$ cat work-v9.cif   # mmCIF, N, CA and C atoms
data_query
#
loop_
_atom_site.group_PDB
_atom_site.id
_atom_site.type_symbol
_atom_site.label_atom_id
_atom_site.label_comp_id
_atom_site.auth_asym_id
_atom_site.auth_seq_id
_atom_site.Cartn_x
_atom_site.Cartn_y
_atom_site.Cartn_z
ATOM 1 N N MET A 1 0.827 -1.187 0.000
ATOM 2 C CA MET A 1 0.000 0.000 0.000
ATOM 3 C C MET A 1 0.875 1.256 0.000
ATOM 4 N N ASP A 2 1.896 1.244 0.843
ATOM 5 C CA ASP A 2 2.778 2.410 0.924
ATOM 6 C C ASP A 2 3.536 2.627 -0.382
ATOM 7 N N ASP A 3 3.932 1.528 -1.037
ATOM 8 C CA ASP A 3 4.642 1.645 -2.316
ATOM 9 C C ASP A 3 3.742 2.245 -3.389
ATOM 10 N N PHE A 4 2.492 1.812 -3.409
ATOM 11 C CA PHE A 4 1.543 2.354 -4.377
ATOM 12 C C PHE A 4 1.328 3.851 -4.130
ATOM 13 N N PHE A 5 1.226 4.238 -2.867
ATOM 14 C CA PHE A 5 1.083 5.653 -2.533
ATOM 15 C C PHE A 5 2.313 6.439 -2.979
ATOM 16 N N GLU A 6 3.492 5.867 -2.789
ATOM 17 C CA GLU A 6 4.729 6.554 -3.205
ATOM 18 C C GLU A 6 4.755 6.771 -4.715
ATOM 19 N N ILE A 7 4.327 5.781 -5.474
ATOM 20 C CA ILE A 7 4.273 5.934 -6.936
ATOM 21 C C ILE A 7 3.323 7.061 -7.309
ATOM 22 N N ILE A 8 2.141 7.049 -6.727
ATOM 23 C CA ILE A 8 1.138 8.089 -7.020
ATOM 24 C C ILE A 8 1.668 9.451 -6.587
ATOM 25 N N HIS A 9 2.277 9.508 -5.414
ATOM 26 C CA HIS A 9 2.793 10.767 -4.872
ATOM 27 C C HIS A 9 3.879 11.361 -5.775
ATOM 28 N N HIS A 10 4.790 10.525 -6.262
ATOM 29 C CA HIS A 10 5.877 11.015 -7.118
ATOM 30 C C HIS A 10 5.381 11.417 -8.503
ATOM 31 N N ARG A 11 4.346 10.771 -8.998
ATOM 32 C CA ARG A 11 3.807 11.099 -10.322
ATOM 33 C C ARG A 11 2.836 12.272 -10.269
ATOM 34 N N TYR A 12 2.326 12.609 -9.083
ATOM 35 C CA TYR A 12 1.318 13.654 -8.925
ATOM 36 C C TYR A 12 1.863 14.988 -9.423
ATOM 37 N N GLU A 13 1.187 15.594 -10.374
ATOM 38 C CA GLU A 13 1.503 16.877 -10.994
ATOM 39 C C GLU A 13 2.846 16.893 -11.727
ATOM 40 N N THR A 14 3.447 15.733 -11.974
ATOM 41 C CA THR A 14 4.711 15.715 -12.727
ATOM 42 C C THR A 14 4.614 14.913 -14.015
ATOM 43 N N GLY A 15 3.713 13.968 -14.100
ATOM 44 C CA GLY A 15 3.621 13.149 -15.301
ATOM 45 C C GLY A 15 2.298 12.415 -15.377
ATOM 46 N N SER A 16 2.137 11.743 -16.482
ATOM 47 C CA SER A 16 0.896 11.005 -16.721
ATOM 48 C C SER A 16 0.907 9.670 -16.000
ATOM 49 N N LEU A 17 -0.285 9.199 -15.753
ATOM 50 C CA LEU A 17 -0.457 7.926 -15.077
ATOM 51 C C LEU A 17 -1.756 7.305 -15.571
ATOM 52 N N ILE A 18 -1.697 6.047 -15.927
ATOM 53 C CA ILE A 18 -2.902 5.323 -16.340
ATOM 54 C C ILE A 18 -3.174 4.257 -15.294
ATOM 55 N N VAL A 19 -4.366 4.275 -14.768
ATOM 56 C CA VAL A 19 -4.781 3.288 -13.777
ATOM 57 C C VAL A 19 -6.028 2.598 -14.317
ATOM 58 N N THR A 20 -5.986 1.275 -14.359
ATOM 59 C CA THR A 20 -7.169 0.523 -14.761
ATOM 60 C C THR A 20 -7.611 -0.327 -13.583
ATOM 61 N N THR A 21 -8.899 -0.411 -13.388
ATOM 62 C CA THR A 21 -9.438 -1.184 -12.278
ATOM 63 C C THR A 21 -10.855 -1.610 -12.591
ATOM 64 N N ASN A 22 -11.270 -2.680 -11.978
ATOM 65 C CA ASN A 22 -12.655 -3.092 -12.076
ATOM 66 C C ASN A 22 -13.376 -2.866 -10.749
ATOM 67 N N ARG A 23 -12.758 -2.122 -9.873
ATOM 68 C CA ARG A 23 -13.326 -1.813 -8.556
ATOM 69 C C ARG A 23 -13.718 -0.350 -8.485
ATOM 70 N N ASN A 24 -14.788 -0.074 -7.755
ATOM 71 C CA ASN A 24 -15.191 1.311 -7.519
ATOM 72 C C ASN A 24 -14.256 1.937 -6.491
ATOM 73 N N PHE A 25 -14.161 3.265 -6.530
ATOM 74 C CA PHE A 25 -13.316 3.959 -5.547
ATOM 75 C C PHE A 25 -13.793 3.687 -4.120
ATOM 76 N N GLU A 26 -15.069 3.479 -3.942
ATOM 77 C CA GLU A 26 -15.614 3.210 -2.601
ATOM 78 C C GLU A 26 -15.036 1.924 -2.003
ATOM 79 N N ASP A 27 -14.638 0.999 -2.869
ATOM 80 C CA ASP A 27 -14.112 -0.283 -2.398
ATOM 81 C C ASP A 27 -12.623 -0.243 -2.074
ATOM 82 N N TRP A 28 -11.923 0.793 -2.481
ATOM 83 C CA TRP A 28 -10.478 0.836 -2.323
ATOM 84 C C TRP A 28 -10.039 0.817 -0.862
ATOM 85 N N GLY A 29 -10.788 1.426 0.014
ATOM 86 C CA GLY A 29 -10.422 1.452 1.436
ATOM 87 C C GLY A 29 -10.353 0.065 2.028
ATOM 88 N N THR A 30 -11.373 -0.729 1.772
ATOM 89 C CA THR A 30 -11.362 -2.101 2.290
ATOM 90 C C THR A 30 -10.397 -2.984 1.503
ATOM 91 N N LEU A 31 -10.232 -2.690 0.237
ATOM 92 C CA LEU A 31 -9.319 -3.474 -0.601
ATOM 93 C C LEU A 31 -7.871 -3.310 -0.139
ATOM 94 N N PHE A 32 -7.476 -2.065 0.150
ATOM 95 C CA PHE A 32 -6.114 -1.798 0.584
ATOM 96 C C PHE A 32 -5.940 -1.924 2.093
ATOM 97 N N GLY A 33 -7.024 -1.960 2.842
ATOM 98 C CA GLY A 33 -6.934 -2.117 4.285
ATOM 99 C C GLY A 33 -6.658 -0.834 5.040
ATOM 100 N N ASP A 34 -6.610 0.303 4.371
ATOM 101 C CA ASP A 34 -6.357 1.594 5.022
ATOM 102 C C ASP A 34 -7.172 2.641 4.293
ATOM 103 N N LYS A 35 -8.276 3.052 4.897
ATOM 104 C CA LYS A 35 -9.190 3.992 4.234
ATOM 105 C C LYS A 35 -8.575 5.373 4.063
ATOM 106 N N VAL A 36 -7.754 5.801 5.008
ATOM 107 C CA VAL A 36 -7.126 7.127 4.922
ATOM 108 C C VAL A 36 -6.129 7.166 3.764
ATOM 109 N N MET A 37 -5.293 6.134 3.662
ATOM 110 C CA MET A 37 -4.307 6.067 2.584
ATOM 111 C C MET A 37 -5.012 5.940 1.232
ATOM 112 N N ALA A 38 -6.051 5.126 1.169
ATOM 113 C CA ALA A 38 -6.804 4.970 -0.074
ATOM 114 C C ALA A 38 -7.436 6.287 -0.481
ATOM 115 N N SER A 39 -7.929 7.042 0.472
ATOM 116 C CA SER A 39 -8.526 8.346 0.177
ATOM 117 C C SER A 39 -7.483 9.316 -0.371
ATOM 118 N N ALA A 40 -6.282 9.291 0.194
ATOM 119 C CA ALA A 40 -5.206 10.159 -0.294
ATOM 120 C C ALA A 40 -4.811 9.787 -1.719
ATOM 121 N N ILE A 41 -4.751 8.496 -1.999
ATOM 122 C CA ILE A 41 -4.416 8.042 -3.350
ATOM 123 C C ILE A 41 -5.491 8.474 -4.333
ATOM 124 N N ILE A 42 -6.737 8.260 -3.969
ATOM 125 C CA ILE A 42 -7.847 8.631 -4.854
ATOM 126 C C ILE A 42 -7.856 10.126 -5.120
ATOM 127 N N ASP A 43 -7.610 10.930 -4.089
ATOM 128 C CA ASP A 43 -7.565 12.393 -4.265
ATOM 129 C C ASP A 43 -6.515 12.798 -5.291
ATOM 130 N N ARG A 44 -5.345 12.199 -5.212
ATOM 131 C CA ARG A 44 -4.277 12.546 -6.151
ATOM 132 C C ARG A 44 -4.564 12.017 -7.563
ATOM 133 N N ILE A 45 -5.185 10.863 -7.647
ATOM 134 C CA ILE A 45 -5.491 10.301 -8.963
ATOM 135 C C ILE A 45 -6.554 11.129 -9.682
ATOM 136 N N VAL A 46 -7.619 11.489 -8.984
ATOM 137 C CA VAL A 46 -8.751 12.141 -9.668
ATOM 138 C C VAL A 46 -8.608 13.654 -9.795
ATOM 139 N N HIS A 47 -7.585 14.261 -9.189
ATOM 140 C CA HIS A 47 -7.451 15.715 -9.216
ATOM 141 C C HIS A 47 -7.406 16.260 -10.642
ATOM 142 N N TYR A 48 -6.563 15.697 -11.491
ATOM 143 C CA TYR A 48 -6.477 16.126 -12.882
ATOM 144 C C TYR A 48 -6.939 15.010 -13.841
ATOM 145 N N ALA A 49 -7.698 14.093 -13.323
ATOM 146 C CA ALA A 49 -7.999 12.875 -14.075
ATOM 147 C C ALA A 49 -9.063 13.065 -15.143
ATOM 148 N N VAL A 50 -8.930 12.252 -16.137
ATOM 149 C CA VAL A 50 -10.002 12.020 -17.095
ATOM 150 C C VAL A 50 -10.415 10.578 -16.857
ATOM 151 N N ILE A 51 -11.623 10.385 -16.348
ATOM 152 C CA ILE A 51 -12.086 9.047 -16.019
ATOM 153 C C ILE A 51 -12.939 8.534 -17.168
ATOM 154 N N VAL A 52 -12.570 7.390 -17.672
ATOM 155 C CA VAL A 52 -13.293 6.755 -18.776
ATOM 156 C C VAL A 52 -13.886 5.458 -18.240
ATOM 157 N N LYS A 53 -15.203 5.357 -18.309
ATOM 158 C CA LYS A 53 -15.878 4.147 -17.852
ATOM 159 C C LYS A 53 -16.402 3.388 -19.055
ATOM 160 N N PHE A 54 -16.193 2.096 -19.020
ATOM 161 C CA PHE A 54 -16.710 1.227 -20.064
ATOM 162 C C PHE A 54 -17.839 0.405 -19.465
ATOM 163 N N PHE A 55 -18.905 0.291 -20.205
ATOM 164 C CA PHE A 55 -20.040 -0.497 -19.751
ATOM 165 C C PHE A 55 -20.206 -1.701 -20.661
ATOM 166 N N GLY A 56 -20.804 -2.718 -20.145
ATOM 167 C CA GLY A 56 -20.994 -3.937 -20.912
ATOM 168 C C GLY A 56 -20.153 -5.051 -20.340
ATOM 169 N N SER A 57 -20.278 -6.211 -20.946
ATOM 170 C CA SER A 57 -19.519 -7.353 -20.440
ATOM 171 C C SER A 57 -18.093 -7.313 -20.978
ATOM 172 N N SER A 58 -17.191 -7.819 -20.182
ATOM 173 C CA SER A 58 -15.797 -7.835 -20.595
ATOM 174 C C SER A 58 -15.562 -8.993 -21.555
ATOM 175 N N TYR A 59 -14.505 -8.891 -22.339
ATOM 176 C CA TYR A 59 -14.173 -9.953 -23.274
ATOM 177 C C TYR A 59 -13.791 -11.239 -22.543
ATOM 178 N N ARG A 60 -13.135 -11.125 -21.394
ATOM 179 C CA ARG A 60 -12.767 -12.322 -20.644
ATOM 180 C C ARG A 60 -14.006 -13.078 -20.193
ATOM 181 N N VAL A 61 -14.999 -12.350 -19.669
ATOM 182 C CA VAL A 61 -16.225 -13.001 -19.223
ATOM 183 C C VAL A 61 -16.983 -13.576 -20.412
ATOM 184 N N LYS A 62 -17.040 -12.826 -21.499
ATOM 185 C CA LYS A 62 -17.730 -13.291 -22.702
ATOM 186 C C LYS A 62 -17.097 -14.575 -23.223
ATOM 187 N N ASN A 63 -15.761 -14.620 -23.314
ATOM 188 C CA ASN A 63 -15.064 -15.812 -23.789
ATOM 189 C C ASN A 63 -15.251 -16.996 -22.845
ATOM 190 N N LEU A 64 -15.254 -16.740 -21.550
ATOM 191 C CA LEU A 64 -15.460 -17.802 -20.577
ATOM 192 C C LEU A 64 -16.843 -18.421 -20.743
ATOM 193 N N ILE A 65 -17.846 -17.598 -20.923
ATOM 194 C CA ILE A 65 -19.207 -18.100 -21.102
ATOM 195 C C ILE A 65 -19.312 -18.921 -22.383
ATOM 196 N N GLU A 66 -18.687 -18.455 -23.460
ATOM 197 C CA GLU A 66 -18.719 -19.200 -24.713
ATOM 198 C C GLU A 66 -18.049 -20.566 -24.567
ATOM 199 N N ILE A 67 -16.917 -20.613 -23.884
ATOM 200 C CA ILE A 67 -16.206 -21.876 -23.684
ATOM 201 C C ILE A 67 -17.029 -22.820 -22.813
ATOM 202 N N GLN A 68 -17.663 -22.286 -21.776
ATOM 203 C CA GLN A 68 -18.495 -23.130 -20.924
ATOM 204 C C GLN A 68 -19.671 -23.703 -21.698
ATOM 205 N N GLU A 69 -20.257 -22.930 -22.596
ATOM 206 C CA GLU A 69 -21.371 -23.419 -23.403
ATOM 207 C C GLU A 69 -20.915 -24.535 -24.343
ATOM 208 N N ILE A 70 -19.721 -24.405 -24.892
ATOM 209 C CA ILE A 70 -19.201 -25.425 -25.810
ATOM 210 C C ILE A 70 -19.026 -26.751 -25.080
ATOM 211 N N TYR A 71 -18.422 -26.711 -23.897
ATOM 212 C CA TYR A 71 -18.097 -27.932 -23.189
ATOM 213 C C TYR A 71 -19.234 -28.448 -22.318
ATOM 214 N N LYS A 72 -20.258 -27.655 -22.090
ATOM 215 C CA LYS A 72 -21.366 -28.087 -21.243
ATOM 216 C C LYS A 72 -22.131 -29.238 -21.896
ATOM 217 N N ASN A 73 -22.271 -29.213 -23.199
ATOM 218 C CA ASN A 73 -23.051 -30.215 -23.908
ATOM 219 C C ASN A 73 -22.245 -31.448 -24.288
ATOM 220 N N ASP A 74 -20.929 -31.405 -24.105
ATOM 221 C CA ASP A 74 -20.103 -32.568 -24.419
ATOM 222 C C ASP A 74 -20.355 -33.676 -23.410
ATOM 223 N N GLU A 75 -20.382 -34.916 -23.913
ATOM 224 C CA GLU A 75 -20.490 -36.045 -23.009
ATOM 225 C C GLU A 75 -19.170 -36.200 -22.283
ATOM 226 N N LYS A 76 -19.256 -36.451 -21.010
ATOM 227 C CA LYS A 76 -18.038 -36.608 -20.230
ATOM 228 C C LYS A 76 -17.515 -38.022 -20.414
ATOM 229 N N GLN A 77 -16.290 -38.126 -20.880
ATOM 230 C CA GLN A 77 -15.638 -39.408 -21.063
ATOM 231 C C GLN A 77 -15.017 -39.824 -19.736
ATOM 232 N N PRO A 78 -15.104 -41.101 -19.395
ATOM 233 C CA PRO A 78 -14.463 -41.532 -18.150
ATOM 234 C C PRO A 78 -12.955 -41.340 -18.239
ATOM 235 N N VAL A 79 -12.378 -40.953 -17.155
ATOM 236 C CA VAL A 79 -10.944 -40.716 -17.105
ATOM 237 C C VAL A 79 -10.245 -42.048 -16.946
ATOM 238 N N LYS A 80 -9.309 -42.331 -17.849
ATOM 239 C CA LYS A 80 -8.539 -43.557 -17.759
ATOM 240 C C LYS A 80 -7.355 -43.304 -16.840
ATOM 241 N N ARG A 81 -7.191 -44.183 -15.875
ATOM 242 C CA ARG A 81 -6.110 -44.016 -14.918
ATOM 243 C C ARG A 81 -5.147 -45.189 -15.014
ATOM 244 N N GLY A 82 -3.969 -44.995 -14.522
ATOM 245 C CA GLY A 82 -2.965 -46.053 -14.513
ATOM 246 C C GLY A 82 -2.011 -45.895 -15.675
ATOM 247 N N ARG A 83 -1.062 -46.794 -15.716
ATOM 248 C CA ARG A 83 -0.064 -46.726 -16.783
ATOM 249 C C ARG A 83 -0.639 -47.324 -18.058
ATOM 250 N N PRO A 84 -0.177 -46.836 -19.203
ATOM 251 C CA PRO A 84 -0.646 -47.428 -20.454
ATOM 252 C C PRO A 84 -0.129 -48.853 -20.592
ATOM 253 N N LYS A 85 -0.927 -49.693 -21.218
ATOM 254 C CA LYS A 85 -0.520 -51.079 -21.396
ATOM 255 C C LYS A 85 0.523 -51.179 -22.494
ATOM 256 N N LYS A 86 1.468 -52.102 -22.304
ATOM 257 C CA LYS A 86 2.453 -52.395 -23.324
ATOM 258 C C LYS A 86 1.807 -53.322 -24.342
ATOM 259 N N GLU A 87 2.419 -53.440 -25.503
ATOM 260 C CA GLU A 87 1.853 -54.296 -26.549
ATOM 261 C C GLU A 87 1.754 -55.739 -26.077
ATOM 262 N N ASP A 88 2.777 -56.237 -25.351
ATOM 263 C CA ASP A 88 2.759 -57.615 -24.861
ATOM 264 C C ASP A 88 1.603 -57.812 -23.881
ATOM 265 N N ASP A 89 1.383 -56.815 -23.005
ATOM 266 C CA ASP A 89 0.296 -56.901 -22.031
ATOM 267 C C ASP A 89 -1.059 -56.945 -22.736
ATOM 268 N N GLN A 90 -1.197 -56.179 -23.807
ATOM 269 C CA GLN A 90 -2.463 -56.152 -24.531
ATOM 270 C C GLN A 90 -2.717 -57.493 -25.211
ATOM 271 N N ASN A 91 -1.675 -58.082 -25.803
ATOM 272 C CA ASN A 91 -1.827 -59.379 -26.451
ATOM 273 C C ASN A 91 -2.196 -60.454 -25.445
ATOM 274 N N GLU A 92 -1.541 -60.451 -24.268
ATOM 275 C CA GLU A 92 -1.848 -61.432 -23.227
ATOM 276 C C GLU A 92 -3.275 -61.276 -22.739
ATOM 277 N N SER A 93 -3.710 -60.019 -22.533
ATOM 278 C CA SER A 93 -5.069 -59.816 -22.041
ATOM 279 C C SER A 93 -6.090 -60.243 -23.079
ATOM 280 N N GLN A 94 -5.778 -60.086 -24.371
ATOM 281 C CA GLN A 94 -6.687 -60.535 -25.416
ATOM 282 C C GLN A 94 -6.730 -62.063 -25.438
ATOM 283 N N ASP A 95 -5.567 -62.711 -25.265
ATOM 284 C CA ASP A 95 -5.528 -64.171 -25.214
ATOM 285 C C ASP A 95 -6.339 -64.685 -24.033
ATOM 286 N N GLN A 96 -6.204 -64.020 -22.888
ATOM 287 C CA GLN A 96 -6.958 -64.436 -21.709
ATOM 288 C C GLN A 96 -8.457 -64.253 -21.936
ATOM 289 N N ASP A 97 -8.839 -63.161 -22.579
ATOM 290 C CA ASP A 97 -10.253 -62.940 -22.877
ATOM 291 C C ASP A 97 -10.782 -64.043 -23.775
ATOM 292 N N ASP A 98 -9.974 -64.443 -24.785
ATOM 293 C CA ASP A 98 -10.380 -65.520 -25.671
ATOM 294 C C ASP A 98 -10.501 -66.827 -24.883
ATOM 295 N N HIS A 99 -9.580 -67.054 -23.972
ATOM 296 C CA HIS A 99 -9.594 -68.268 -23.171
ATOM 297 C C HIS A 99 -10.859 -68.331 -22.317
ATOM 298 N N PHE A 100 -11.207 -67.211 -21.697
ATOM 299 C CA PHE A 100 -12.405 -67.195 -20.868
ATOM 300 C C PHE A 100 -13.642 -67.436 -21.701
ATOM 301 N N GLU A 101 -13.668 -66.909 -22.894
ATOM 302 C CA GLU A 101 -14.814 -67.113 -23.757
ATOM 303 C C GLU A 101 -14.932 -68.577 -24.147
ATOM 304 N N MET A 102 -13.790 -69.232 -24.396
ATOM 305 C CA MET A 102 -13.809 -70.641 -24.755
ATOM 306 C C MET A 102 -14.326 -71.482 -23.591
ATOM 307 N N ASN A 103 -13.893 -71.151 -22.367
ATOM 308 C CA ASN A 103 -14.349 -71.906 -21.197
ATOM 309 C C ASN A 103 -15.833 -71.676 -20.959
ATOM 310 N N ASP A 104 -16.298 -70.514 -21.244
ATOM 311 C CA ASP A 104 -17.713 -70.241 -21.058
ATOM 312 C C ASP A 104 -18.563 -71.061 -22.009
ATOM 313 N N LEU A 105 -18.012 -71.357 -23.175
ATOM 314 C CA LEU A 105 -18.759 -72.133 -24.156
ATOM 315 C C LEU A 105 -18.835 -73.604 -23.778
ATOM 316 N N LEU A 106 -17.831 -74.099 -23.056
ATOM 317 C CA LEU A 106 -17.795 -75.520 -22.700
ATOM 318 C C LEU A 106 -18.691 -75.820 -21.582
#

$ encode --input "work-v9.cif" --output "structure tokens"
Amino acid sequence: MDDFFEIIHHRYETGSLIVTTNRNFEDWGTLFGDKVMASAIIDRIVHYAVIVKFFGSSYRVKNLIEIQEIYKNDEKQPVKRGRPKKEDDQNESQDQDDHFEMNDLL
């Protein structure tokens, strides 16, 4: 918090500063944990500020919703666990399956 105040303090009336946030100024006190310091920062930021507000949904939220819609309708495949079988193991298991089928017929 103190470092952020120092940056704002040094830039105040000497140079440009761009701050982007998705939080209202009212929330900054609780966000930073010090309402007095947050108020001092806000005062220096808005003194010569041009505040530009954008309305509407953000691209991140829009993309997240689109991705969720794509995968929501997909059938969930069971997760295969364990080590992959070697070719020899697969051949043996197929032979055993054939053997069991033969015994079932007898």

$ closest_residue --input "work-v9.cif" --among "A:Arg44, A:Arg60, A:Lys72, A:Lys53" --to "Ile8 in chain A" --atoms "all atoms listed in the file"
A:Arg44

$ atom_distance --input "work-v9.cif" --atom1 "CA of Met1 in chain A" --atom2 "CA of Phe32 in chain A"
6.4 Å

$ atom_distance --input "work-v9.cif" --atom1 "atom C of His47 in chain A" --atom2 "CA of Gly33 in chain A"
23.7 Å

$ atom_distance --input "work-v9.cif" --atom1 "atom N of Lys62 in chain A" --atom2 "atom C of Thr30 in chain A"
25.9 Å

$ closest_residue --input "work-v9.cif" --among "A:Phe5, A:Ile65, A:Gly56, A:Glu87" --to "Ile42 in chain A" --atoms "only C-alpha atoms"
A:Phe5

$ axis_aligned_box --input "work-v9.cif" --around "range 35-53 of chain A" --padding-each-side "8 Å" --output "AutoDock Vina command-line options"
--center_x -10.3 --center_y 9.7 --center_z -7.0 --size_x 28.1 --size_y 29.2 --size_z 40.1

$ residues_around --input "work-v9.cif" --residues "Asn22 in chain A" --least-positions-apart "5" --cutoff "12 Å" --atoms "only C-alpha atoms" --output "ChimeraX atom specification"
/A:27-28,31,52-55,57-58
